[in-house]
$ cat target_7.txt   # compact mmCIF, C-alpha atoms
# COMPACT_ATOMS: atom_id res chain seq x y z
CA MET A 15 35.49 -27.98 60.58
CA SER A 16 33.63 -25.43 58.46
CA SER A 17 33.78 -25.58 54.70
CA GLU A 18 33.63 -22.65 52.35
CA PRO A 19 30.13 -22.35 50.81
CA LYS A 20 29.85 -23.21 47.12
CA ARG A 21 29.79 -20.12 44.94
CA THR A 22 26.78 -19.47 42.75
CA ALA A 23 27.39 -18.89 39.05
CA ARG A 24 24.79 -16.13 38.98
CA HIS A 25 25.76 -14.90 35.48
CA LEU A 26 25.92 -18.31 33.83
CA ASN A 27 22.55 -18.06 32.03
CA GLU A 28 22.92 -14.46 30.95
CA PRO A 29 23.11 -13.99 27.16
CA TRP A 30 26.63 -12.57 27.14
CA CYS A 31 27.95 -15.54 29.12
CA GLN A 32 26.23 -18.09 26.89
CA GLU A 33 27.61 -16.37 23.78
CA LEU A 34 31.13 -16.29 25.19
CA ARG A 35 30.99 -19.92 26.23
CA ALA A 36 29.76 -20.99 22.78
CA ALA A 37 32.28 -18.85 20.90
CA SER A 38 35.19 -20.09 23.03
CA ALA A 39 34.30 -23.78 22.75
CA PRO A 40 37.00 -24.55 20.13
CA VAL A 41 39.87 -23.18 22.26
CA THR A 42 41.23 -23.96 25.69
CA ARG A 43 40.94 -21.49 28.55
CA ALA A 44 44.72 -21.11 28.54
CA GLN A 45 44.77 -20.29 24.81
CA LEU A 46 41.96 -17.78 25.21
CA ALA A 47 43.67 -16.13 28.17
CA ALA A 48 46.93 -15.81 26.28
CA ASN A 49 45.24 -14.38 23.18
CA ALA A 50 43.20 -11.92 25.24
CA GLY A 51 46.11 -10.83 27.44
CA MET A 52 44.26 -11.89 30.60
CA SER A 53 44.96 -14.37 33.36
CA LYS A 54 43.60 -17.88 33.01
CA ALA A 55 41.90 -17.54 36.40
CA LYS A 56 39.98 -14.45 35.30
CA VAL A 57 38.89 -16.09 32.05
CA GLN A 58 37.62 -19.10 34.01
CA GLU A 59 35.73 -16.80 36.38
CA ILE A 60 34.03 -15.00 33.47
CA LEU A 61 33.16 -18.10 31.46
CA GLY A 62 32.00 -19.88 34.59
CA GLY A 63 29.44 -17.15 35.22
CA HIS A 64 31.05 -16.00 38.48
CA LEU A 65 32.38 -12.66 37.27
CA ARG A 66 30.74 -10.04 35.10
CA PRO A 67 33.33 -8.75 32.58
CA SER A 68 34.08 -5.06 32.21
CA MET A 69 33.82 -3.31 28.84
CA ASP A 70 37.57 -3.72 28.43
CA ASP A 71 37.34 -7.43 29.28
CA ILE A 72 34.66 -7.91 26.63
CA ALA A 73 36.69 -6.03 24.01
CA ARG A 74 39.74 -8.21 24.73
CA LEU A 75 37.76 -11.45 24.62
CA ALA A 76 35.92 -10.44 21.45
CA ASP A 77 39.21 -9.67 19.72
CA ALA A 78 40.70 -12.95 20.84
CA LEU A 79 37.69 -14.90 19.56
CA ASN A 80 37.22 -12.79 16.42
CA TYR A 81 33.68 -12.10 17.63
CA PRO A 82 31.81 -8.78 17.08
CA LYS A 83 32.51 -6.52 20.06
CA LEU A 84 29.31 -4.56 19.66
CA ARG A 85 27.14 -7.63 19.99
CA LEU A 86 28.85 -8.76 23.18
CA LEU A 87 28.76 -5.27 24.67
CA ALA A 88 25.07 -5.01 23.84
CA LEU A 89 24.31 -8.43 25.31
CA ALA A 90 26.15 -7.44 28.49
CA GLY A 91 24.02 -4.29 28.77
CA TYR A 92 26.78 -1.78 28.11
CA LEU A 93 25.18 -0.46 24.94
CA GLU A 94 21.52 -0.08 25.74
CA GLY A 95 19.27 -0.59 22.75
CA LEU A 96 21.99 -1.78 20.39
CA SER A 97 20.96 -5.42 20.50
CA ASN A 98 17.52 -4.37 19.28
CA LEU A 99 19.18 -2.38 16.50
CA LEU A 100 21.28 -5.37 15.42
CA THR A 101 18.21 -7.58 15.36
CA TYR A 102 16.41 -4.93 13.36
CA LEU A 103 19.23 -4.75 10.80
CA ASP A 104 19.05 -8.51 10.27
CA GLN A 105 15.28 -8.30 9.86
CA ILE A 106 15.57 -5.44 7.36
CA GLU A 107 18.03 -7.45 5.29
CA GLU A 108 15.68 -10.42 5.29
CA GLN A 109 12.63 -8.30 4.48
CA ALA A 110 14.42 -6.47 1.66
CA GLU A 111 15.25 -9.77 -0.01
CA ARG A 112 11.69 -11.02 0.32
CA MET A 113 10.30 -7.77 -1.06
CA GLU A 114 12.60 -7.99 -4.07
CA HIS A 115 11.52 -11.58 -4.69
CA SER A 116 7.88 -10.59 -4.48
CA ALA A 117 8.25 -7.48 -6.63
CA LYS A 118 10.08 -9.31 -9.40
CA ARG A 119 8.08 -12.54 -9.00
CA LEU A 120 11.38 -14.37 -9.13
CA PRO A 121 12.64 -16.94 -6.63
CA GLY A 122 15.98 -16.58 -4.92
CA ASP A 123 17.01 -20.24 -5.01
CA PRO A 124 19.84 -20.66 -7.55
CA LEU A 125 18.58 -24.16 -8.35
CA SER A 126 15.44 -22.61 -9.87
CA GLY A 127 17.31 -20.21 -12.16
CA ALA A 128 17.53 -22.39 -15.25
CA THR A 129 13.97 -23.60 -14.80
CA ARG A 130 12.66 -20.05 -14.54
CA ILE A 131 14.58 -18.89 -17.61
CA ALA A 132 13.49 -21.94 -19.62
CA ASN A 133 9.87 -21.39 -18.63
CA SER A 134 10.01 -17.73 -19.65
CA ALA A 135 11.54 -18.69 -23.00
CA LEU A 136 8.81 -21.28 -23.57
CA SER A 137 6.14 -18.69 -22.83
CA GLU A 138 7.42 -16.66 -25.78
CA GLY A 139 6.15 -19.47 -27.99
CA ASN A 140 8.92 -19.22 -30.60
CA PHE A 141 11.50 -21.71 -29.34
CA GLU A 142 12.18 -25.30 -28.58
CA VAL A 143 13.85 -25.35 -25.15
CA ALA A 144 16.29 -27.87 -23.74
CA MET A 145 18.32 -27.89 -20.52
CA ARG A 146 21.49 -29.67 -19.50
CA PRO A 147 23.83 -29.52 -16.51
CA VAL A 148 27.49 -28.50 -16.75
CA PHE A 149 29.99 -30.24 -14.46
CA LEU A 150 33.54 -29.07 -13.81
CA GLY A 151 36.48 -30.57 -11.97
CA SER A 152 37.86 -34.06 -11.68
CA GLY A 153 37.54 -36.82 -9.10
CA GLN A 154 36.15 -35.73 -5.75
CA ARG A 155 36.33 -32.09 -6.83
CA ARG A 156 33.82 -32.51 -9.63
CA ARG A 157 30.83 -30.23 -9.08
CA HIS A 158 27.56 -29.28 -10.76
CA TYR A 159 28.87 -25.92 -11.86
CA ALA A 160 26.15 -24.38 -14.04
CA ASP A 161 23.10 -25.10 -16.15
CA ARG A 162 22.66 -24.45 -19.85
CA VAL A 163 19.35 -23.46 -21.40
CA MET A 164 19.39 -24.02 -25.17
CA LEU A 165 16.91 -22.21 -27.40
CA ARG A 166 16.25 -23.28 -30.99
CA PRO A 167 13.77 -21.28 -33.10
CA LEU A 168 10.69 -23.10 -34.36
CA HIS A 169 11.24 -21.49 -37.76
CA ASP A 170 14.03 -22.72 -40.00
CA GLY A 171 17.15 -20.71 -40.59
CA PRO A 172 19.78 -18.85 -38.62
CA ILE A 173 19.14 -16.40 -35.76
CA SER A 174 19.73 -12.76 -36.59
CA GLU A 175 21.30 -10.22 -34.23
CA SER A 176 17.93 -8.49 -33.87
CA ALA A 177 16.28 -11.80 -32.96
CA ARG A 178 18.91 -12.41 -30.30
CA ALA A 179 18.35 -8.91 -28.93
CA ARG A 180 14.60 -9.57 -28.73
CA VAL A 181 15.23 -12.74 -26.73
CA GLU A 182 17.49 -10.87 -24.34
CA ALA A 183 14.90 -8.13 -23.89
CA ALA A 184 12.18 -10.70 -23.18
CA LEU A 185 14.34 -12.46 -20.58
CA TYR A 186 16.04 -9.34 -19.21
CA ASP A 187 14.76 -9.58 -15.61
CA GLU A 188 15.56 -13.28 -15.35
CA LEU A 189 19.05 -12.87 -16.80
CA ALA A 190 19.84 -9.99 -14.44
CA TRP A 191 18.39 -11.73 -11.38
CA PHE A 192 20.32 -14.96 -11.84
CA GLY A 193 23.53 -13.48 -13.28
CA ALA A 194 22.95 -15.45 -16.49
CA GLY A 195 24.02 -14.63 -20.02
CA PHE A 196 24.49 -16.00 -23.51
CA THR A 197 27.52 -18.24 -23.81
CA ARG A 198 30.55 -17.08 -25.73
CA GLY A 199 30.85 -18.11 -29.34
CA TRP A 200 27.42 -16.83 -30.42
CA GLU A 201 27.71 -15.13 -33.79
CA HIS A 202 25.28 -13.85 -36.37
CA GLY A 203 24.03 -16.78 -38.41
CA THR A 204 23.98 -19.52 -35.78
CA HIS A 205 20.87 -21.66 -35.48
CA SER A 206 20.47 -21.71 -31.69
CA LEU A 207 21.13 -19.69 -28.56
CA THR A 208 22.63 -21.04 -25.32
CA ILE A 209 22.21 -19.31 -21.97
CA ASN A 210 24.62 -20.09 -19.14
CA VAL A 211 22.99 -20.01 -15.68
CA PRO A 212 25.49 -20.03 -12.76
CA ARG A 213 24.98 -22.61 -10.07
CA PHE A 214 28.15 -23.18 -8.04
CA VAL A 215 28.88 -19.44 -7.94
CA ALA A 216 25.23 -18.35 -7.73
CA LEU A 217 24.22 -16.26 -4.70
CA ARG A 218 23.16 -18.35 -1.73
CA ARG A 219 22.50 -18.29 2.01
CA GLY A 220 24.20 -20.41 4.63
CA THR A 221 22.21 -23.36 5.96
CA GLY A 222 22.29 -22.13 9.56
CA SER A 223 25.28 -24.00 10.97
CA PRO A 224 28.17 -21.52 10.67
CA LEU A 225 31.57 -22.72 11.75
CA ARG A 226 32.59 -21.29 15.11
CA GLY A 227 35.83 -19.34 15.21
CA ALA A 228 35.91 -18.49 11.49
CA PRO A 229 36.38 -14.87 10.36
CA ARG A 230 33.13 -12.93 10.42
CA SER A 231 33.58 -11.57 6.91
CA VAL A 232 35.96 -12.75 4.18
CA ALA A 233 36.64 -10.87 0.95
CA VAL A 234 38.17 -12.90 -1.88
CA ILE A 235 39.57 -10.74 -4.67
CA GLY A 236 41.55 -11.61 -7.75
CA GLY A 237 42.25 -10.93 -11.41
CA HIS A 238 40.51 -12.46 -14.40
CA TRP A 239 40.47 -16.27 -14.25
CA ALA A 240 42.17 -16.20 -10.85
CA GLY A 241 39.08 -17.88 -9.38
CA SER A 242 37.81 -15.31 -6.85
CA ALA A 243 34.16 -16.36 -7.25
CA ASP A 244 34.92 -20.09 -7.09
CA VAL A 245 37.33 -19.90 -4.15
CA ALA A 246 34.86 -17.73 -2.26
CA SER A 247 32.06 -20.21 -2.99
CA PHE A 248 34.20 -23.09 -1.68
CA LEU A 249 34.97 -21.10 1.49
CA GLY A 250 31.29 -20.26 1.90
CA HIS A 251 30.56 -24.01 1.99
CA ALA A 252 33.47 -24.61 4.39
CA PHE A 253 32.20 -22.01 6.87
CA ASP A 254 28.48 -22.42 6.03
CA TYR A 255 28.28 -18.66 5.46
CA ASP A 256 26.27 -16.61 3.01
CA TYR A 257 28.09 -16.42 -0.31
CA SER A 258 27.88 -13.63 -2.86
CA HIS A 259 29.73 -12.02 -5.72
CA VAL A 260 29.51 -8.24 -6.01
CA ALA A 261 28.82 -8.49 -9.76
CA PHE A 262 25.78 -10.74 -9.24
CA VAL A 263 24.51 -8.70 -6.31
CA ALA A 264 24.84 -5.50 -8.33
CA SER A 265 23.05 -7.10 -11.27
CA ARG A 266 20.19 -8.16 -9.01
CA ALA A 267 20.00 -4.96 -6.97
CA PHE A 268 20.17 -2.56 -9.91
CA SER A 269 18.50 -4.79 -12.54
CA ARG A 270 21.38 -4.61 -15.01
CA LEU A 271 22.99 -7.33 -17.10
CA THR A 272 26.58 -8.17 -16.18
CA HIS A 273 28.00 -9.11 -19.57
CA TYR A 274 28.15 -5.67 -21.18
CA TYR A 275 31.76 -4.69 -20.56
CA ASN A 276 31.26 -1.17 -21.90
CA ASP A 277 28.30 -0.36 -19.64
CA SER A 278 29.13 2.91 -17.86
CA PHE A 279 27.16 1.85 -14.76
CA ARG A 280 28.68 -1.62 -14.46
CA ASP A 281 31.71 -0.77 -12.32
CA ARG A 282 29.87 1.86 -10.29
CA ASP A 283 27.18 -0.62 -9.28
CA ARG A 284 29.74 -3.23 -8.24
CA LEU A 285 31.76 -0.75 -6.20
CA GLU A 286 28.59 0.33 -4.41
CA VAL A 287 27.99 -3.27 -3.33
CA ALA A 288 31.63 -3.73 -2.27
CA ARG A 289 31.50 -0.54 -0.19
CA THR A 290 28.35 -1.78 1.56
CA TYR A 291 29.98 -5.11 2.38
CA VAL A 292 33.13 -3.51 3.76
CA GLU A 293 31.32 -0.92 5.87
CA GLY A 294 28.84 -3.46 7.21
CA SER A 295 31.28 -6.31 7.82
CA ASP A 296 31.05 -5.96 11.63
CA LEU A 297 27.24 -5.85 11.68
CA GLY A 298 26.00 -7.72 8.63
CA ARG A 299 25.51 -11.40 8.06
CA LEU A 300 28.32 -13.94 8.21
CA ARG A 301 29.51 -13.76 4.64
CA VAL A 302 32.20 -14.76 2.15
CA TRP A 303 32.13 -12.49 -0.87
CA ALA A 304 34.09 -12.16 -4.08
CA ALA A 305 35.14 -9.29 -6.31
CA ASP A 306 37.27 -8.95 -9.42
CA THR A 307 40.35 -6.72 -9.61
CA GLY A 308 41.49 -7.58 -13.12
CA ASP A 309 40.88 -4.12 -14.58
CA SER A 310 40.86 -1.87 -11.54
CA GLU A 311 42.23 -1.71 -8.01
CA THR A 312 39.25 0.28 -6.71
CA VAL A 313 37.71 -2.63 -4.77
CA ALA A 314 41.06 -3.16 -3.05
CA SER A 315 41.14 0.55 -2.17
CA ILE A 316 37.68 0.27 -0.63
CA ILE A 317 38.78 -2.76 1.41
CA ALA A 318 41.86 -0.83 2.56
CA THR A 319 39.60 1.61 4.45
CA SER A 320 39.01 -1.22 6.95
CA ALA A 321 42.67 -1.25 8.05
CA LYS A 322 41.82 -0.61 11.70
CA ARG A 323 39.15 -3.32 11.84
CA LYS A 324 39.49 -7.09 11.94
CA SER A 325 36.95 -7.61 9.19
CA PRO A 326 36.87 -8.30 6.41
CA LEU A 327 39.78 -10.71 6.27
CA VAL A 328 41.17 -10.54 2.73
CA ILE A 329 42.32 -13.30 0.39
CA HIS A 330 44.12 -11.90 -2.64
CA LEU A 331 44.39 -14.37 -5.51
CA ARG A 332 47.29 -12.73 -7.30
CA PRO A 333 47.56 -13.87 -10.93
CA THR A 334 50.97 -15.11 -12.03
CA ASP A 335 52.66 -13.78 -15.17
CA ASP A 336 51.72 -16.81 -17.25
CA LEU A 337 48.06 -16.51 -16.21
CA LEU A 338 48.10 -12.80 -17.15
CA GLU A 339 49.51 -13.63 -20.60
CA TRP A 340 46.89 -16.32 -21.21
CA THR A 341 44.17 -13.97 -19.94
CA ALA A 342 45.17 -11.19 -22.34
CA HIS A 343 44.88 -13.51 -25.33
CA ALA A 344 41.63 -15.06 -24.05
CA ARG A 345 40.04 -11.65 -23.45
CA ARG A 346 40.97 -10.55 -26.96
CA ALA A 347 39.66 -13.78 -28.53
CA ARG A 348 36.36 -13.50 -26.63
CA HIS A 349 35.89 -9.80 -27.35
CA HIS A 350 36.11 -8.83 -23.69
CA THR A 351 38.40 -5.96 -24.61
CA PRO A 352 38.87 -3.79 -27.72
CA GLN A 353 42.65 -3.74 -27.15
CA SER A 354 45.23 -5.99 -28.74
CA ALA A 355 46.57 -8.84 -26.60
CA GLY A 356 49.82 -6.94 -26.05
CA GLU A 357 48.05 -3.76 -24.97
CA ASP A 358 45.74 -5.69 -22.67
CA LEU A 359 48.65 -7.59 -21.12
CA ARG A 360 50.33 -4.31 -20.18
CA ALA A 361 47.04 -3.08 -18.69
CA LEU A 362 46.65 -6.29 -16.67
CA HIS A 363 50.18 -5.98 -15.27
CA GLU A 364 49.45 -2.39 -14.26
CA ALA A 365 46.16 -3.36 -12.60
CA ARG A 366 47.94 -6.09 -10.62
CA ALA A 367 50.61 -3.61 -9.45
CA ARG A 368 47.98 -1.06 -8.41
CA THR A 369 46.08 -3.73 -6.48
CA ASP A 370 49.28 -4.72 -4.65
CA GLN A 371 49.80 -1.09 -3.69
CA ALA A 372 46.18 -0.54 -2.64
CA LEU A 373 46.25 -3.54 -0.28
CA ARG A 374 49.30 -2.41 1.70
CA PRO A 375 47.25 -0.78 4.52
CA VAL A 376 45.56 -4.15 5.17
CA GLU A 377 48.51 -6.48 4.56
CA HIS A 378 48.33 -7.53 8.24
CA LYS A 379 45.00 -9.24 7.53
CA THR A 380 45.57 -10.27 3.91
CA LEU A 381 46.60 -13.64 2.54
CA VAL A 382 48.29 -13.40 -0.85
CA LEU A 383 47.99 -16.64 -2.82
CA PRO A 384 49.55 -16.98 -6.29
CA ALA A 385 46.88 -17.93 -8.85
CA PRO A 386 48.71 -19.92 -11.56
CA LEU A 387 47.80 -20.92 -15.10
CA PRO A 388 46.63 -24.55 -14.84
CA GLN A 389 48.31 -27.30 -16.83
CA GLY A 390 46.58 -27.80 -20.13
CA ALA A 391 45.64 -24.16 -20.63
CA ARG A 392 48.01 -22.55 -23.11
CA ILE A 393 48.51 -20.33 -26.12
CA THR A 394 49.61 -22.12 -29.28
CA SER A 395 52.35 -20.85 -31.59
CA SER A 396 49.63 -19.57 -33.91
CA GLY A 397 48.05 -17.55 -31.11
CA GLU A 398 45.09 -19.88 -30.49
CA VAL A 399 43.85 -19.91 -26.88
CA ILE A 400 43.44 -23.41 -25.45
CA ASP A 401 41.12 -23.56 -22.44
CA ALA A 402 41.12 -26.23 -19.72
CA PRO A 403 37.91 -25.75 -17.68
CA ASP A 404 38.34 -28.83 -15.46
CA ALA A 405 41.97 -27.94 -14.69
CA PHE A 406 40.99 -24.36 -13.84
CA PHE A 407 38.31 -25.59 -11.43
CA ASP A 408 40.68 -28.08 -9.79
CA THR A 409 43.19 -25.24 -9.34
CA TRP A 410 40.57 -23.06 -7.66
CA ALA A 411 39.58 -25.91 -5.35
CA SER A 412 43.25 -26.30 -4.36
CA LEU A 413 43.51 -22.56 -3.73
CA ALA A 414 40.46 -22.73 -1.43
CA GLU A 415 42.03 -25.56 0.59
CA HIS A 416 45.31 -23.67 0.78
CA ALA A 417 43.46 -20.54 1.92
CA LEU A 418 41.77 -22.45 4.76
CA LYS A 419 45.04 -23.91 6.01
CA GLN A 420 46.88 -20.58 5.85
CA MET A 421 44.03 -18.67 7.52
CA HIS A 422 44.05 -21.17 10.35
CA ALA A 423 47.82 -21.10 10.79
CA ARG A 424 48.80 -17.49 10.11
CA PHE A 425 45.96 -15.78 11.95
CA ALA A 426 45.60 -18.43 14.70
CA LEU A 427 41.86 -18.58 14.09
CA PRO A 428 40.10 -21.03 16.41
CA PHE A 429 37.84 -22.73 13.84
CA ARG A 430 38.14 -26.49 13.42
CA LEU A 431 40.24 -26.94 10.30
CA THR A 432 39.25 -30.59 9.81
CA THR A 433 35.57 -29.64 9.84
CA ALA A 434 36.14 -26.78 7.38
CA LEU A 435 38.05 -29.02 4.97
CA GLN A 436 35.41 -31.73 5.23
CA ARG A 437 32.65 -29.24 4.41
CA LEU A 438 34.66 -27.79 1.54
CA ASN A 439 35.10 -31.22 -0.03
CA ASP A 440 31.58 -32.48 0.67
CA SER A 441 30.08 -32.67 -2.81
CA LYS A 442 26.62 -33.55 -1.46
CA SER A 443 26.27 -30.12 0.15
CA GLN A 444 27.24 -28.38 -3.10
CA VAL A 445 24.90 -29.98 -5.61
$ encode --input "target_7.txt" --output "structure tokens"
Amino acid sequence: MSSEPKRTARHLNEPWCQELRAASAPVTRAQLAANAGMSKAKVQEILGGHLRPSMDDIARLADALNYPKLRLLALAGYLEGLSNLLTYLDQIEEQAERMEHSAKRLPGDPLSGATRIANSALSEGNFEVAMRPVFLGSGQRRRHYADRVMLRPLHDGPISESARARVEAALYDELAWFGAGFTRGWEHGTHSLTINVPRFVALRRGTGSPLRGAPRSVAVIGGHWAGSADVASFLGHAFDYDYSHVAFVASRAFSRLTHYYNDSFRDRDRLEVARTYVEGSDLGRLRVWAADTGDSETVASIIATSAKRKSPLVIHLRPTDDLLEWTAHARRARHHTPQSAGEDLRALHEARARTDQALRPVEHKTLVLPAPLPQGARITSSGEVIDAPDAFFDTWASLAEHALKQMHARFALPFRLTTALQRLNDSKSQV
């Protein structure tokens, strides 16, 4: 009795097959077949290396796995030369960052930011310098959030506005590079200066172990104090992706300080970065990025141009009415706006409505999460603004967890939710 000869999996070791097998590891063959609109038998043939997929097969599988089509098509030889181009784009991005570091003589590691700023202040020879960490959150959510560099003049007496300006000029490159700035509450006549250096929301790269099946690019947008930067940073840890905020990237790329709210170039620079991230979401690095929409819906309008593409997936942290009211009073108290609290509140409501409208073309790939005012933060009867930093940070951590669970459920993404949540809550990886 003759037996049928064993078939050879002649495509098994080809790059496209290896990539497909790795990308599909979190899902069953039946799930992949259903999501791709293909038969289970055909999917098994392709992943087993017995059948070379057509261009249409690759497009269907890439969509089902949320994997870049162009990369798979290039690996399968359908787009000659494109794989070299993609490699080249990654190299250019890496080289550009190294060149910037070298040109500015500034490191890119956020952990070195406070040290670099303190060292530069010491080199001026006019200050005593001290550093201390700032932690936010409670319980397991407590994180090393920022560093403070405190400068006290060696001479006696208060610091004048001109003296503060000279310090800023001397540290301009460092402040712009690390997204740092003088803390609120500085006024003419104080005896020291304090510089806040971001840490948890500082720009960073992934460690090299991205979570399979997660969206390739995620944009987290939200109003003032809605937590877009913090939620995006949490998600960056969960997916082990690059993390960035368009404000910090713009500050670094264009060498401008971020805390001048009346700077005519400020919004333009940020929108330029956002446009780059949206247009390059299919080809760039795996990234979670944040942008503010408190004053303008323009970033949302830029994201809306990606309506026909899967990336970026959008998380809209939509501020609730009570958060908007608190924000208006806080912005007025901290001189973030020249308007009265009432005028600013109307402007914030209008900005939220315009953002809602701008996101309609991409509502099929947008999660809308209400961003509430945390307990403890309030406005007193006399109009005083009471802050609650730990409660705000806990709220943002909860929003990040909620975003992961909804992304996994609503969009049927094949990433391992338990792994993502474990990474998000792993404080050791976020120190």
$ atom_distance --input "target_7.txt" --atom1 "atom CA of Arg430 of chain A" --atom2 "atom CA of Tyr257 of chain A"
19.8 Å
$ residues_around --input "target_7.txt" --residues "segment 74-82 of chain A" --least-positions-apart "2" --cutoff "7 Å" --atoms "only C-alpha atoms" --output "PyMOL selection string"
chain A and resi 37-38+46+49-50+70-72+84-86+227+229+296
$ residues_near_point --input "target_7.txt" --point "(24.3, -16.6, 4.3)" --cutoff "12 Å" --atoms "only C-alpha atoms" --output "PyMOL selection string"
chain A and resi 104+107-108+217-224+230-231+247+249-251+253-258+298-303
$ residues_around --input "target_7.txt" --residues "Met421 of chain A" --least-positions-apart "2" --cutoff "12 Å" --atoms "all atoms listed in the file" --output "number ranges by chain"
A: 227-229, 232, 249, 327-329, 378-383, 413-419, 423-431, 434
$ write_last_selection --input "target_7.txt" --atoms "C-alpha atoms" --output "PDB file, in the coordinates of the input"
ATOM      1  CA  GLY A 227      35.830 -19.340  15.210  1.00  0.00           C
ATOM      2  CA  ALA A 228      35.910 -18.490  11.490  1.00  0.00           C
ATOM      3  CA  PRO A 229      36.380 -14.870  10.360  1.00  0.00           C
ATOM      4  CA  VAL A 232      35.960 -12.750   4.180  1.00  0.00           C
ATOM      5  CA  LEU A 249      34.970 -21.100   1.490  1.00  0.00           C
ATOM      6  CA  LEU A 327      39.780 -10.710   6.270  1.00  0.00           C
ATOM      7  CA  VAL A 328      41.170 -10.540   2.730  1.00  0.00           C
ATOM      8  CA  ILE A 329      42.320 -13.300   0.390  1.00  0.00           C
ATOM      9  CA  HIS A 378      48.330  -7.530   8.240  1.00  0.00           C
ATOM     10  CA  LYS A 379      45.000  -9.240   7.530  1.00  0.00           C
ATOM     11  CA  THR A 380      45.570 -10.270   3.910  1.00  0.00           C
ATOM     12  CA  LEU A 381      46.600 -13.640   2.540  1.00  0.00           C
ATOM     13  CA  VAL A 382      48.290 -13.400  -0.850  1.00  0.00           C
ATOM     14  CA  LEU A 383      47.990 -16.640  -2.820  1.00  0.00           C
ATOM     15  CA  LEU A 413      43.510 -22.560  -3.730  1.00  0.00           C
ATOM     16  CA  ALA A 414      40.460 -22.730  -1.430  1.00  0.00           C
ATOM     17  CA  GLU A 415      42.030 -25.560   0.590  1.00  0.00           C
ATOM     18  CA  HIS A 416      45.310 -23.670   0.780  1.00  0.00           C
ATOM     19  CA  ALA A 417      43.460 -20.540   1.920  1.00  0.00           C
ATOM     20  CA  LEU A 418      41.770 -22.450   4.760  1.00  0.00           C
ATOM     21  CA  LYS A 419      45.040 -23.910   6.010  1.00  0.00           C
ATOM     22  CA  ALA A 423      47.820 -21.100  10.790  1.00  0.00           C
ATOM     23  CA  ARG A 424      48.800 -17.490  10.110  1.00  0.00           C
ATOM     24  CA  PHE A 425      45.960 -15.780  11.950  1.00  0.00           C
ATOM     25  CA  ALA A 426      45.600 -18.430  14.700  1.00  0.00           C
ATOM     26  CA  LEU A 427      41.860 -18.580  14.090  1.00  0.00           C
ATOM     27  CA  PRO A 428      40.100 -21.030  16.410  1.00  0.00           C
ATOM     28  CA  PHE A 429      37.840 -22.730  13.840  1.00  0.00           C
ATOM     29  CA  ARG A 430      38.140 -26.490  13.420  1.00  0.00           C
ATOM     30  CA  LEU A 431      40.240 -26.940  10.300  1.00  0.00           C
ATOM     31  CA  ALA A 434      36.140 -26.780   7.380  1.00  0.00           C
TER      32      ALA A 434
END
$ residues_around --input "target_7.txt" --residues "Ala243 of chain A" --least-positions-apart "2" --cutoff "12 Å" --atoms "only C-alpha atoms" --output "ChimeraX atom specification"
/A:159,212-217,233-241,245-250,257-262,302-307,329-331,407,410-411,413-414
$ atom_distance --input "target_7.txt" --atom1 "atom CA of Trp30 of chain A" --atom2 "atom CA of Ala90 of chain A"
5.3 Å
$ atom_distance --input "target_7.txt" --atom1 "atom CA of Ala402 of chain A" --atom2 "atom CA of Gln389 of chain A"
7.8 Å
$ closest_residue --input "target_7.txt" --among "A:Gly51, A:Leu34, A:Arg368, A:Ala267" --to "Pro67 of chain A" --atoms "all atoms listed in the file"
A:Leu34
$ closest_residue --input "target_7.txt" --among "A:Ala23, A:Ala361, A:Ala355, A:Leu373" --to "Thr312 of chain A" --atoms "all atoms listed in the file"
A:Leu373
$ residues_near_point --input "target_7.txt" --point "(38.1, -9.6, -24.6)" --cutoff "12 Å" --atoms "all atoms listed in the file" --output "VMD selection string"
chain A and resid 198 238 273 to 276 309 340 to 355 357 to 359
$ closest_residue --input "target_7.txt" --among "A:Pro375, A:Gly62, A:Pro29, A:Gly139" --to "Ala88 of chain A" --atoms "all atoms listed in the file"
A:Pro29
$ closest_residue --input "target_7.txt" --among "A:Val376, A:Leu189, A:Ala55, A:Met164" --to "Lys322 of chain A" --atoms "all atoms listed in the file"
A:Val376
$ closest_residue --input "target_7.txt" --among "A:Arg374, A:Arg332, A:Arg155, A:His64" --to "Ala318 of chain A" --atoms "all atoms listed in the file"
A:Arg374
$ closest_residue --input "target_7.txt" --among "A:His422, A:Pro333, A:Arg66, A:Ala177" --to "Ser242 of chain A" --atoms "only C-alpha atoms"
A:Pro333
$ residues_around --input "target_7.txt" --residues "Ala160 of chain A" --least-positions-apart "4" --cutoff "10 Å" --atoms "all atoms listed in the file" --output "ChimeraX atom specification"
/A:124-125,127-128,146-150,194,210-216
